[in-house]
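Undergrad: Starting off with a structure, shown below.
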Amino acid sequence: MKFTVSTLIDQLSHVNSIESKKLEKILKLSKKADRQKLHIALSALNKLGIVDRDDSDQISLTKENSFIEARLRCTSKGYCFAVRNDIEEDVYIRDSQLNHAWNGDRVLIKITREGFRRRSPEGAVQCILERTTSSVLAHIEKVDHNIVALPLDERFLTSVVLPDSDSKFLEDESNSDVYEIKIDKYPIAQCPTEGHVVRSIPLNGGYQSDTDLLITKANLQDLPKAPKSSLKIPDQKNRHDLTEQQCLLLNSWQEENSPPIPCVYVEPNSGGIKLWIHSPSIAERLTLGNNLDLWIRDRCEALCLGKSWLPFLSNSLKKNSEFKVDEENDAISVSIDIDSKGNITDWQFCLSKIKPSAQITPEMLSAIVDRKPKARTIPLILKPIKQHINHIETIIFSCKLIHKNLVDQGFIELDLPVPDLDQIGDLKWETPGGSLHQWIPPINLRDPQSLLSMLVKIADIAWTQHSKKLQLPSLLIKSDQPDLNTITEIAKIALAIDIKLELNEEGTPTAHELAKEFAQTQFRRILDQQLSNALPNPVVSSNKIEHSIAMEPDSKASTNLILAPCSCPGQSYVQLFNQFVLALLLNSGKDRPSARAKTKVNLGKNNSWNEINWPIFTQTIVDNLNKVVNSALVNQLNNSKIKRNILRQEIISLCQSRVAESLIGTELEGNISGVQSYGFFAEIPASMVEGLVHVSSLNDDWYEYRSRQNRLVGRKNRKVYKLGDPVTLKIMKVNVLRNQIDLEVVENVNEVSSNNEESANYQRETEEIQPENVNEEA
């Protein structure tokens, strides 16, 4: 089938109807079989009440629509929820109401029972809009004379029937391989899922096998190649020649196919600094809506696999746009004036041509940090860039100033670095312009891209305000406020481990206040992890416009929750589209009311909106831009963001599991990072490997879970395990496929004595708050 139900519905409207023949042309269905499938789909959707189809073959969405679009999220325990696109409460879906939908599928549901008190509403799947799983990883077994594949992912509540020709794979009695199973037929009515074996992947085949396992699990193994497409040549008119500027490439990535990054230049300016960010001019080389643009949209963003990359751009587009030392190239630049306190005072966007002077690597930056302030000798690694050392020190000073200002303005700082493991490769470096979290990390003075991230953040804040005031369409990164009850629970956890908190008059701390308090404690990493889990991940949204006329200035501009990033267009389609709008503004924006007017307005300059009372873009340009930033693209970008964030975390977890495998049976020091009724989690600092000490392995006593104090307490010996406690551990078992690490506690004399003392203190505390038990004898 050339289309999905989702793409079909995206072409329909509640207001305007469309003929089926026109629909065939839009979906590019040239074959008779494909057109027949379209009419079958329309007939089924009509019976379900999702679309209306009259006698004249006019098709539209049902006006009275009680269906809710959502994405299924299932657990290994068999519970399934529909996560709604409208950010309302999740809907519980019983197993009998799934109608063969799988984890991750886009579906339309109907509410069958409203929620009340703490119970979630219940619903039933009415239609599967889009299947997200085309293949699964599985083991192969013979069940009742049938060869079946049992998915490793327990969230798939099904098995796959294989053809008899795949019986040869049953000969692997060691079960040391897993198999990629391609889905040929999805289940319907009484017919089971059917598929076939594509290949076997060894469990212990090294880095390449581990990568194959993860990208297959994420269904990214069969990505199409980039289409052949001619690139546009950027217009040289009105381009500023900045080739004499000694700008630098702050690059930490070392693997092939890594995305192109911006170039920076900083200089002192009236007690503050003037910052230049030069972004690779990718949007100027691309035609919006052509085959290459559509291919890039499907990619959504660049994805780091550790020691390799799944590229976002085609090879030719990347090669033509990326910056190289001592080579001239076109750029889209912004100059920003920043005062002595780190506040933005002015900016201007422009087209430019630059020539990078040097590339700064992590080794070079570390040498500068370790160098004594008044040292006369220069390390060998710094000799190629000795004329740029003062410039780099100015960049470091500027980043510290900007970072402090952002935190003072309300940005949340959490210190949760990626473990420094060789297997992780480029994942250990910060991604400039990344939007994985709504918090910012501390500056890492040994990571050039950590510095670049601070500078890029300022440039993106400037463009967010500029595009908002000029009423330009954009793709936004938005972060919702965390739930206050969850933040209060984290505050209670901190109080339970004797962290002193200063609360406001209402007694409810904010996430920003907690982060500042946690930064002063020895338990910072553990508490930051708790806070990170409470902060909603950023999501993509769109901002359409009717007319591109500047709006009145808004004195209360929110920069910490809404961002329109555009400085790193080689990393994601969100940034690429925003750069496309910026390039259109500078190349095609209307800078005067009519051709007769002599005075032109610099559309890239701050406060230019105060001089504009006419449409900046023609209506044709506005319509074309609004077509791109539709709900379908936003859903696609958000779904890709979720999927790729999960894959990124699984890559890190797999690398940690491989490290843990080599340490089985070894005694290690760790810290308790979480406590639950079934045991506690502990993290081993060196590799940041986290495993579970199950309560059944604590044989010295029967342990009770005290949820209010967030601790496990022994009934007899009153021994306590609480968040942040140091423990001696032994790695007992590692399940690489499920990223599960089993730990056991190793007792030592000093630990026992300190625990006994703490248990006595805890017992005295509990006796003070509990009434005495008086025994009366008859």
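FYI, nothing fancy with the structure tokens labels: chains A, B, ... in order, residues from 1 per chain, ligands from 1 as they appear.
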Residues at most 7 Å from segment 437-454 of chain A, counting only C-alpha atoms, excluding those fewer than 3 positions away in the same chain, as a ChimeraX atom specification?

TA: /A:250-252,360-362,365-366,396,399,402-403,411-415,429-433,457-458,479,537-538

Undergrad: Mind checking which residues fall within 7 Å of segment 313-323 of chain A, counting only C-alpha atoms, ignoring those fewer than 3 positions away in the same chain, and posting them as number ranges by chain?

TA: A: 226, 260, 280-282, 296, 329, 570

Undergrad: So that each row is one residue of segment 220-254 of chain A with an atom at most 12 Å from segment 588-596 of chain A, can you give its shortest atom pair and the distance in Å to one decimal, using only C-alpha atoms, rows by chain and rising number, as a tab-separated table?

TA:
residue	atom	partner	partner_atom	distance
A:Asp235	CA	A:Ser588	CA	10.9
A:Lys237	CA	A:Ser588	CA	11.5
A:Asn238	CA	A:Ser588	CA	11.6

Undergrad: Can you measure atom CA of Leu27 of chain A to atom CA of Leu8 of chain A for me? One decimal in Å is fine.

TA: 7.9 Å

Undergrad: Taking 2 positions as the minimum chain separation for residues in the same chain, which residues sit within 12 Å of Thr486 of chain A when counting only C-alpha atoms? Answer as a list in words.

TA: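 Returned residues: Gln481, Pro482, Asp483, Leu484, Thr488, Glu489, Ile490, Ala491, Lys492, Ile493, Thr508, Pro509, Thr510, Ala511, Gln530, Leu531, Ser532, Asn533, Ala534, Leu535 and Pro536 of chain A.
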
Undergrad: With C-alpha atoms retained, could you export that selection as a JSON list (two decimals), in the first residue's frame?

TA:
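Below is the file out22.json, written as the result:
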[["chain", "number", "residue", "atom", "x", "y", "z"],
["A", 481, "GLN", "CA", 5.74, 23.16, 33.72],
["A", 482, "PRO", "CA", 6.27, 20.13, 36.01],
["A", 483, "ASP", "CA", 3.47, 18.85, 38.22],
["A", 484, "LEU", "CA", 3.57, 20.64, 41.59],
["A", 488, "THR", "CA", 6.64, 18.49, 46.43],
["A", 489, "GLU", "CA", 7.34, 14.74, 46.65],
["A", 490, "ILE", "CA", 10.94, 15.33, 45.54],
["A", 491, "ALA", "CA", 11.27, 18.00, 48.23],
["A", 492, "LYS", "CA", 10.09, 15.42, 50.79],
["A", 493, "ILE", "CA", 12.71, 12.96, 49.52],
["A", 508, "THR", "CA", 5.79, 24.68, 47.72],
["A", 509, "PRO", "CA", 9.26, 24.89, 46.12],
["A", 510, "THR", "CA", 9.77, 25.33, 42.39],
["A", 511, "ALA", "CA", 11.97, 23.05, 40.29],
["A", 530, "GLN", "CA", 14.84, 12.56, 40.67],
["A", 531, "LEU", "CA", 14.21, 16.13, 39.49],
["A", 532, "SER", "CA", 15.02, 15.29, 35.87],
["A", 533, "ASN", "CA", 12.38, 12.55, 35.86],
["A", 534, "ALA", "CA", 9.80, 15.08, 37.07],
["A", 535, "LEU", "CA", 10.49, 17.61, 34.30],
["A", 536, "PRO", "CA", 8.42, 16.98, 31.14]]

Undergrad: Using only C-alpha atoms, which of A:Arg131, A:His694, A:Arg94, A:Lys404 sits nearest Thr112 of chain A?

TA: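 Using only C-alpha atoms, Thr112 of chain A sits closest to A:Arg94.
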
Undergrad: I need the residues in segment 250-456 of chain A that are strand (DSSP E) according to DSSP; give them as an MDAnalysis selection string.

TA: chainID A and resid 250 263:269 272:280 303:304 309:310 329:338 344:354 358:360

Undergrad: Quick one: of A:Val727, A:Leu170, A:Leu23, A:Cys300, who's nearest to Ser640 of chain A, counting only C-alpha atoms?

TA: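 Counting only C-alpha atoms, the residue closest to Ser640 of chain A is A:Cys300.
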
Undergrad: List the neighbours of segment 663-670 of chain A out to 9 Å using only C-alpha atoms; skip same-chain residues closer than 2 positions along the sequence, and give me the result as a PDB file with C-alpha atoms, in the first residue's frame.

TA:
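Saved file selection.pdb follows:
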ATOM      1  CA  VAL A 659      31.077  -2.817  31.004  1.00  0.00           C
ATOM      2  CA  ALA A 660      29.120  -4.503  33.807  1.00  0.00           C
ATOM      3  CA  GLU A 661      29.523  -7.917  32.109  1.00  0.00           C
ATOM      4  CA  ILE A 672      21.680   4.049  46.502  1.00  0.00           C
ATOM      5  CA  ALA A 682      22.329   1.509  43.245  1.00  0.00           C
ATOM      6  CA  GLU A 683      24.696   3.355  40.930  1.00  0.00           C
ATOM      7  CA  ILE A 684      28.393   2.574  40.585  1.00  0.00           C
ATOM      8  CA  PRO A 685      30.063   5.986  40.065  1.00  0.00           C
ATOM      9  CA  ASP A 725      23.644   5.733  51.258  1.00  0.00           C
ATOM     10  CA  PRO A 726      27.037   4.288  50.223  1.00  0.00           C
ATOM     11  CA  VAL A 727      26.979   0.493  49.787  1.00  0.00           C
ATOM     12  CA  THR A 728      29.469  -2.204  48.822  1.00  0.00           C
ATOM     13  CA  LEU A 729      28.049  -4.239  45.942  1.00  0.00           C
ATOM     14  CA  LYS A 730      28.769  -7.254  43.823  1.00  0.00           C
ATOM     15  CA  ILE A 731      27.506  -7.601  40.244  1.00  0.00           C
ATOM     16  CA  MET A 732      25.787 -10.980  40.028  1.00  0.00           C
ATOM     17  CA  LYS A 733      24.039 -11.089  36.646  1.00  0.00           C
ATOM     18  CA  VAL A 734      23.720  -8.929  33.510  1.00  0.00           C
ATOM     19  CA  VAL A 746      28.435  -7.147  50.450  1.00  0.00           C
TER      20      VAL A 746
END

Undergrad: Separation of atom CA of Ile652 of chain A and atom CA of Lys478 of chain A, in Å?

TA: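 Computed distance, atom CA of Ile652 of chain A to atom CA of Lys478 of chain A, equals 25.6 Å.
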